[in-house]
Every structure is written in C-alpha cells, then in structure tokens.
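Student: Next comes the structure file protein14.json, holding JSON, C-alpha atoms.
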```json
[["chain", "number", "residue", "atom", "x", "y", "z"],
["A", 1, "MET", "CA", 106.93, -1.67, 171.64],
["A", 2, "ALA", "CA", 103.97, -0.15, 169.78],
["A", 3, "ARG", "CA", 105.42, 3.34, 170.15],
["A", 4, "HIS", "CA", 108.78, 2.10, 168.87],
["A", 5, "SER", "CA", 107.03, 0.51, 165.87],
["A", 6, "ASP", "CA", 105.11, 3.73, 165.16],
["A", 7, "ALA", "CA", 108.34, 5.73, 165.34],
["A", 8, "ALA", "CA", 110.03, 3.31, 162.93],
["A", 9, "ARG", "CA", 107.14, 3.60, 160.49],
["A", 10, "ARG", "CA", 107.25, 7.41, 160.63],
["A", 11, "ALA", "CA", 111.00, 7.42, 160.09],
["A", 12, "LEU", "CA", 110.66, 5.16, 157.05],
["A", 13, "MET", "CA", 107.89, 7.29, 155.58],
["A", 14, "ASP", "CA", 109.87, 10.49, 156.16],
["A", 15, "ALA", "CA", 112.96, 8.94, 154.55],
["A", 16, "ALA", "CA", 110.96, 7.67, 151.59],
["A", 17, "GLU", "CA", 109.27, 11.04, 151.15],
["A", 18, "GLU", "CA", 112.64, 12.73, 150.73],
["A", 19, "LEU", "CA", 114.24, 10.07, 148.56],
["A", 20, "TYR", "CA", 111.20, 9.61, 146.30],
["A", 21, "GLY", "CA", 110.74, 13.37, 146.04],
["A", 22, "ARG", "CA", 114.41, 13.93, 145.24],
["A", 23, "TYR", "CA", 115.19, 11.01, 142.92],
["A", 24, "GLY", "CA", 111.89, 9.50, 141.74],
["A", 25, "ILE", "CA", 109.85, 6.45, 142.70],
["A", 26, "ASP", "CA", 111.54, 3.83, 140.54],
["A", 27, "GLN", "CA", 115.06, 5.02, 141.34],
["A", 28, "VAL", "CA", 114.91, 4.30, 145.08],
["A", 29, "SER", "CA", 115.11, 0.83, 146.63],
["A", 30, "SER", "CA", 113.48, -0.24, 149.87],
["A", 31, "ARG", "CA", 116.94, -1.00, 151.27],
["A", 32, "ARG", "CA", 118.08, 2.54, 150.55],
["A", 33, "ILE", "CA", 115.00, 3.91, 152.34],
["A", 34, "ALA", "CA", 115.75, 1.79, 155.41],
["A", 35, "GLU", "CA", 119.35, 2.97, 155.46],
["A", 36, "HIS", "CA", 118.31, 6.62, 155.09],
["A", 37, "ALA", "CA", 115.89, 6.17, 157.99],
["A", 38, "GLY", "CA", 118.73, 4.84, 160.16],
["A", 39, "ASN", "CA", 117.18, 1.39, 160.36],
["A", 40, "ALA", "CA", 119.70, -1.45, 160.55],
["A", 41, "ASN", "CA", 117.11, -3.90, 159.21],
["A", 42, "HIS", "CA", 117.32, -3.64, 155.44],
["A", 43, "SER", "CA", 113.96, -5.42, 155.18],
["A", 44, "ALA", "CA", 112.24, -2.80, 157.35],
["A", 45, "VAL", "CA", 109.95, -1.59, 154.56],
["A", 46, "ALA", "CA", 108.68, -5.13, 153.96],
["A", 47, "TYR", "CA", 108.28, -5.71, 157.71],
["A", 48, "HIS", "CA", 106.25, -2.55, 158.36],
["A", 49, "PHE", "CA", 104.42, -2.03, 155.04],
["A", 50, "GLY", "CA", 104.55, -5.29, 153.08],
["A", 51, "ASP", "CA", 106.06, -3.81, 149.92],
["A", 52, "ARG", "CA", 106.77, -0.55, 148.13],
["A", 53, "ASP", "CA", 103.12, 0.04, 147.21],
["A", 54, "GLY", "CA", 102.12, -0.53, 150.82],
["A", 55, "LEU", "CA", 104.63, 2.10, 151.89],
["A", 56, "ILE", "CA", 103.46, 4.63, 149.31],
["A", 57, "GLY", "CA", 99.82, 3.95, 150.18],
["A", 58, "ALA", "CA", 100.54, 4.62, 153.87],
["A", 59, "MET", "CA", 102.31, 7.87, 152.93],
["A", 60, "LEU", "CA", 99.34, 9.04, 150.85],
["A", 61, "ASP", "CA", 96.97, 8.08, 153.67],
["A", 62, "ARG", "CA", 99.06, 10.17, 156.08],
["A", 63, "TYR", "CA", 98.65, 13.17, 153.78],
["A", 64, "THR", "CA", 94.87, 12.65, 153.68],
["A", 65, "GLU", "CA", 94.63, 12.18, 157.45],
["A", 66, "GLN", "CA", 96.28, 15.55, 157.98],
["A", 67, "SER", "CA", 94.13, 17.51, 155.51],
["A", 68, "GLU", "CA", 90.73, 15.86, 155.99],
["A", 69, "PRO", "CA", 89.94, 17.29, 159.50],
["A", 70, "MET", "CA", 90.56, 20.84, 158.22],
["A", 71, "ARG", "CA", 88.44, 20.07, 155.18],
["A", 72, "ALA", "CA", 85.59, 18.81, 157.38],
["A", 73, "GLY", "CA", 85.77, 21.92, 159.55],
["A", 74, "MET", "CA", 85.64, 24.26, 156.58],
["A", 75, "LEU", "CA", 82.75, 22.30, 155.08],
["A", 76, "ALA", "CA", 80.77, 22.51, 158.32],
["A", 77, "ALA", "CA", 81.17, 26.29, 158.36],
["A", 78, "LEU", "CA", 79.59, 26.74, 154.92],
["A", 79, "GLY", "CA", 76.06, 27.98, 154.46],
["A", 80, "PRO", "CA", 73.26, 25.87, 152.97],
["A", 81, "GLU", "CA", 74.03, 26.97, 149.38],
["A", 82, "PRO", "CA", 77.82, 27.26, 149.04],
["A", 83, "THR", "CA", 79.30, 28.73, 145.90],
["A", 84, "LEU", "CA", 81.66, 26.86, 143.61],
["A", 85, "VAL", "CA", 84.61, 28.88, 144.94],
["A", 86, "GLU", "CA", 83.67, 28.06, 148.54],
["A", 87, "LEU", "CA", 83.46, 24.35, 147.77],
["A", 88, "LEU", "CA", 86.77, 24.32, 145.92],
["A", 89, "ARG", "CA", 88.41, 26.29, 148.73],
["A", 90, "CYS", "CA", 87.36, 23.51, 151.13],
["A", 91, "LEU", "CA", 88.89, 20.95, 148.77],
["A", 92, "ILE", "CA", 92.16, 22.65, 147.83],
["A", 93, "VAL", "CA", 93.22, 24.90, 150.72],
["A", 94, "PRO", "CA", 93.49, 22.13, 153.38],
["A", 95, "ALA", "CA", 95.65, 20.00, 151.09],
["A", 96, "VAL", "CA", 97.95, 22.93, 150.40],
["A", 97, "ARG", "CA", 97.98, 24.23, 153.98],
["A", 98, "SER", "CA", 98.99, 20.80, 155.30],
["A", 99, "LEU", "CA", 102.23, 21.21, 153.35],
["A", 100, "ALA", "CA", 103.06, 24.25, 155.48],
["A", 101, "ASP", "CA", 103.24, 22.06, 158.59],
["A", 102, "ARG", "CA", 106.11, 19.99, 157.24],
["A", 103, "PRO", "CA", 109.58, 20.66, 158.69],
["A", 104, "ALA", "CA", 111.92, 22.41, 156.28],
["A", 105, "PRO", "CA", 112.97, 21.33, 153.79],
["A", 106, "SER", "CA", 109.71, 19.62, 152.88],
["A", 107, "TRP", "CA", 109.51, 16.96, 150.19],
["A", 108, "ARG", "CA", 105.84, 15.99, 150.37],
["A", 109, "ALA", "CA", 104.51, 17.91, 147.37],
["A", 110, "ARG", "CA", 107.38, 16.65, 145.23],
["A", 111, "PHE", "CA", 106.81, 13.11, 146.47],
["A", 112, "VAL", "CA", 103.10, 13.22, 145.54],
["A", 113, "ASN", "CA", 103.95, 14.64, 142.13],
["A", 114, "GLN", "CA", 106.48, 11.83, 141.60],
["A", 115, "VAL", "CA", 103.74, 9.29, 142.38],
["A", 116, "ARG", "CA", 101.42, 10.95, 139.89],
["A", 117, "THR", "CA", 104.02, 10.92, 137.09],
["A", 118, "THR", "CA", 105.36, 7.40, 137.67],
["A", 119, "PRO", "CA", 103.34, 4.78, 135.74],
["A", 120, "SER", "CA", 104.20, 2.01, 138.21],
["A", 121, "ALA", "CA", 102.76, 4.03, 141.12],
["A", 122, "ALA", "CA", 100.15, 6.42, 139.70],
["A", 123, "ALA", "CA", 97.25, 4.00, 140.20],
["A", 124, "LEU", "CA", 97.74, 4.31, 143.97],
["A", 125, "LEU", "CA", 96.26, 7.81, 143.79],
["A", 126, "GLU", "CA", 92.99, 6.33, 142.52],
["A", 127, "ARG", "CA", 92.59, 3.56, 145.09],
["A", 128, "PRO", "CA", 89.66, 3.75, 147.54],
["A", 129, "ILE", "CA", 90.57, 5.64, 150.71],
["A", 130, "GLY", "CA", 88.56, 5.54, 153.91],
["A", 131, "GLY", "CA", 87.86, 8.50, 156.15],
["A", 132, "ARG", "CA", 87.17, 10.91, 153.28],
["A", 133, "ALA", "CA", 83.55, 11.79, 154.02],
["A", 134, "ALA", "CA", 84.16, 15.53, 153.77],
["A", 135, "THR", "CA", 86.06, 15.18, 150.50],
["A", 136, "ASP", "CA", 83.35, 12.97, 149.01],
["A", 137, "THR", "CA", 80.65, 15.47, 150.04],
["A", 138, "ILE", "CA", 82.58, 18.38, 148.52],
["A", 139, "MET", "CA", 83.19, 16.48, 145.29],
["A", 140, "ALA", "CA", 79.51, 15.58, 144.94],
["A", 141, "ALA", "CA", 78.41, 19.15, 145.62],
["A", 142, "THR", "CA", 80.97, 20.50, 143.14],
["A", 143, "ARG", "CA", 79.74, 18.19, 140.41],
["A", 144, "GLU", "CA", 76.18, 19.29, 141.17],
["A", 145, "ARG", "CA", 77.15, 22.96, 140.77],
["A", 146, "LEU", "CA", 78.68, 22.09, 137.39],
["A", 147, "ARG", "CA", 75.91, 19.80, 136.14],
["A", 148, "SER", "CA", 75.27, 22.06, 133.11],
["A", 149, "ILE", "CA", 78.73, 21.26, 131.73],
["A", 150, "ASP", "CA", 79.14, 18.15, 129.59],
["A", 151, "GLN", "CA", 80.74, 15.39, 131.63],
["A", 152, "ARG", "CA", 83.46, 14.77, 129.03],
["A", 153, "VAL", "CA", 84.44, 18.42, 129.17],
["A", 154, "LEU", "CA", 84.38, 18.38, 132.97],
["A", 155, "ASP", "CA", 86.59, 15.28, 133.02],
["A", 156, "GLY", "CA", 89.07, 17.01, 130.72],
["A", 157, "ARG", "CA", 89.18, 20.12, 132.89],
["A", 158, "GLY", "CA", 89.62, 17.99, 135.98],
["A", 159, "TRP", "CA", 92.56, 16.24, 134.30],
["A", 160, "ILE", "CA", 94.18, 19.62, 133.61],
["A", 161, "LEU", "CA", 93.53, 20.90, 137.12],
["A", 162, "THR", "CA", 94.96, 17.79, 138.72],
["A", 163, "ARG", "CA", 98.21, 18.39, 136.84],
["A", 164, "MET", "CA", 98.12, 22.06, 137.77],
["A", 165, "VAL", "CA", 97.68, 21.52, 141.51],
["A", 166, "PHE", "CA", 100.30, 18.77, 141.83],
["A", 167, "GLU", "CA", 102.92, 20.43, 139.64],
["A", 168, "VAL", "CA", 102.48, 23.95, 141.02],
["A", 169, "CYS", "CA", 102.75, 22.72, 144.62],
["A", 170, "ALA", "CA", 105.85, 20.68, 143.78],
["A", 171, "ALA", "CA", 107.52, 23.63, 142.05],
["A", 172, "TYR", "CA", 106.58, 26.00, 144.88],
["A", 173, "GLU", "CA", 107.94, 23.58, 147.48],
["A", 174, "ALA", "CA", 111.22, 23.32, 145.58],
["A", 175, "GLU", "CA", 111.57, 27.11, 145.44],
["A", 176, "VAL", "CA", 110.88, 27.40, 149.19],
["A", 177, "ALA", "CA", 113.44, 24.68, 149.95],
["A", 178, "ALA", "CA", 116.04, 26.45, 147.80],
["A", 179, "GLY", "CA", 115.46, 29.73, 149.62],
["A", 180, "GLU", "CA", 114.14, 31.37, 146.46],
["A", 181, "ARG", "CA", 110.72, 32.18, 147.94],
["A", 182, "GLU", "CA", 109.26, 33.00, 151.34],
["A", 183, "PRO", "CA", 106.56, 30.39, 151.97],
["A", 184, "ASP", "CA", 102.93, 31.47, 152.01],
["A", 185, "TRP", "CA", 101.01, 28.25, 151.46],
["A", 186, "ALA", "CA", 97.68, 29.81, 152.44],
["A", 187, "ALA", "CA", 98.02, 32.37, 149.63],
["A", 188, "LEU", "CA", 98.96, 29.63, 147.18],
["A", 189, "GLY", "CA", 95.88, 27.63, 148.18],
["A", 190, "CYS", "CA", 93.62, 30.63, 147.53],
["A", 191, "PHE", "CA", 95.33, 31.31, 144.19],
["A", 192, "LEU", "CA", 94.82, 27.70, 143.08],
["A", 193, "THR", "CA", 91.20, 27.79, 144.22],
["A", 194, "ASP", "CA", 90.43, 30.82, 142.07],
["A", 195, "ALA", "CA", 92.22, 29.27, 139.09],
["A", 196, "ALA", "CA", 90.32, 26.01, 139.57],
["A", 197, "ALA", "CA", 86.95, 27.76, 139.77],
["A", 198, "GLY", "CA", 87.67, 29.74, 136.62],
["A", 199, "MET", "CA", 88.77, 26.65, 134.73],
["A", 200, "LEU", "CA", 85.88, 24.44, 135.77],
["A", 201, "ALA", "CA", 83.12, 26.99, 135.21],
["A", 202, "ALA", "CA", 84.47, 28.46, 131.96],
["A", 203, "PRO", "CA", 82.01, 28.52, 129.03],
["A", 204, "VAL", "CA", 82.15, 25.66, 126.56],
["A", 205, "THR", "CA", 82.60, 27.06, 123.05],
["A", 206, "VAL", "CA", 83.14, 23.76, 121.19],
["A", 207, "SER", "CA", 81.57, 20.49, 122.29],
["A", 208, "GLY", "CA", 83.25, 17.07, 121.96],
["A", 209, "GLY", "CA", 86.79, 16.55, 120.77],
["A", 210, "PHE", "CA", 89.46, 16.24, 123.39],
["A", 211, "ALA", "CA", 88.63, 13.60, 126.01],
["A", 212, "PRO", "CA", 91.42, 12.49, 128.39],
["A", 213, "ASP", "CA", 91.04, 9.62, 130.82],
["A", 214, "PRO", "CA", 88.37, 10.63, 133.36],
["A", 215, "SER", "CA", 89.92, 12.18, 136.43],
["A", 216, "PHE", "CA", 88.80, 14.86, 138.82],
["A", 217, "LEU", "CA", 90.69, 16.76, 141.50],
["A", 218, "ARG", "CA", 91.99, 14.15, 143.92],
["A", 219, "ILE", "CA", 94.28, 15.68, 146.57]]
```
Produce structure tokens that represent the structure in this file.

Tutor:
Amino acid sequence: MARHSDAARRALMDAAEELYGRYGIDQVSSRRIAEHAGNANHSAVAYHFGDRDGLIGAMLDRYTEQSEPMRAGMLAALGPEPTLVELLRCLIVPAVRSLADRPAPSWRARFVNQVRTTPSAAALLERPIGGRAATDTIMAATRERLRSIDQRVLDGRGWILTRMVFEVCAAYEAEVAAGEREPDWAALGCFLTDAAAGMLAAPVTVSGGFAPDPSFLRI
C-alpha cells in the first residue's frame, strides 16, 4: 500500500510539473492534475498533499533532495579556503545538473520559474526547508567572501542572479525539449557559475540607490 501511495504521489508531482510548466500555476486545477496523472480520484491532490501549496512544496522539496547530496559531496571536496567561484560552483552546478536526470521532455526548470513568477506561489520558494546543511554552509561562506560589499548592493545582485538562473534554465530546457539544442547541463552550470561570480564580486562604483527586496540565490 505504501509503495502504491508513493507511486501515486510521484505521478501527481510529475503531472503537475508538466502542466504548471506548460500553462502556469494559476491556470491548472487540482482536478486537471489528477486526470493528467491517470488518477480516477479527482480529489487525489487534496488526499496526498492537502492542497495546491502542499503539492508545490513537495515538488520543490523533491528538487532539493536530488541536488543536495551532490552539493554536499562537492563541498566536502573543497580545500580549507575555497574561492568564490568554487563555492558558487557547489551551489549552482548541482541544481542545474539535476535537471539533466529528468526524462525528456523535462518541465522542471519551467515549473520552478513559473512558481517564482506567480505571486500566489512565489512565497513557497522562501519557506524553511530541512536537509539543506550543505546549502546553508555554502551560502554563509559565500557571504563571508563578499563581506566587503555593502549588504544592500549584495541583495540587489542576488535578486538579479536569482532571475538569471531561473530564467536561463527555463529557456534552455525549452530549447532542449523543442530539439533546438543538444543538452549540456554541466556546461550551462559552469557558465552560470562564472557569470554569478563576476556579478557578485564586481566593483561598486556608486553606493546606495537601487534596493530590491532582499533575496539571494535560492535554488
């Protein structure tokens, strides 16, 4: 029974990932997700996840659970004084590489980007998540490397980089799915790492001014 329940949950999450990624968060009902998953119980989402936010939260947790072990392994392999690029590689590459393991066509990057851009769901990206010890360590070390940069400036750059990572991955995934690009997620992860390091460590020529809502890379 437990294995059947786990299979039903996975099927619902896979169905929701495609439908949310394709049509948007607010345009897809829980009933439609159940039908797409082949579940005859139209209340299956409520039964297994409580509500829509519970479903989305479980889907985001699944993403984290797949990337965090790789992140922990990369962190453990670093020397005692890792560079900013090395820290960001540990943060970004596992999140991007985990997208490569999805069966084609993948919808995960587009789903996560839909969550980020949907006001009724975006707050779920900021909720506390357990089992992120490696991520928390990397984030703290990254902030320490950048302690000379004003926090308001760092928050603004983090806001830009968050948009960059989510939107680039979603666009790349769409091109791969359409057959317009041969997938090389590892190369994309390295490219984004270099771009992130350059953005975060860039010199500050004008202090103050632009100050978006505080947000740092959260993948």

Student: Residues at most 8 Å from segment 70-85 of chain A, counting only C-alpha atoms, excluding those fewer than 3 positions away in the same chain, as a PyMOL selection string?

Tutor: chain A and resi 66-67+88-91+94+134-135+138+142+145+193-194+197

Student: So how far away is atom CA of Met164 of chain A from atom CA of Gly198 of chain A, in Å?

Tutor: 13.0 Å

Student: Calculate how many Å separate atom CA of Arg152 of chain A from atom CA of Val206 of chain A, rounding to one decimal.

Tutor: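 Pair atom CA of Arg152 of chain A / atom CA of Val206 of chain A returns 11.9 Å.
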
Student: So how far away is atom CA of Ser106 of chain A from atom CA of Phe49 of chain A, in Å?

Tutor: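 Atom CA of Ser106 of chain A lies at a distance of 22.4 Å from atom CA of Phe49 of chain A.
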
Student: Taking 5 positions as the minimum chain separation for residues in the same chain, which residues sit within 12 Å of segment 19-24 of chain A when counting all atoms listed in the file? Answer as a PyMOL selection string.

Tutor: chain A and resi 12-14+29-37+52+55-56+59+105-121+170-171+173-174+177

Student: Between A:Asn41, A:Val96, A:Ala104, A:Ala140, single out the one closest to Phe166 of chain A, counting all atoms listed in the file.

Tutor: A:Val96

Student: For Asp26 of chain A, which of A:Leu87, A:Val204, A:Ala40, A:Ala122 is the closest residue, counting only C-alpha atoms?

Tutor: A:Ala122
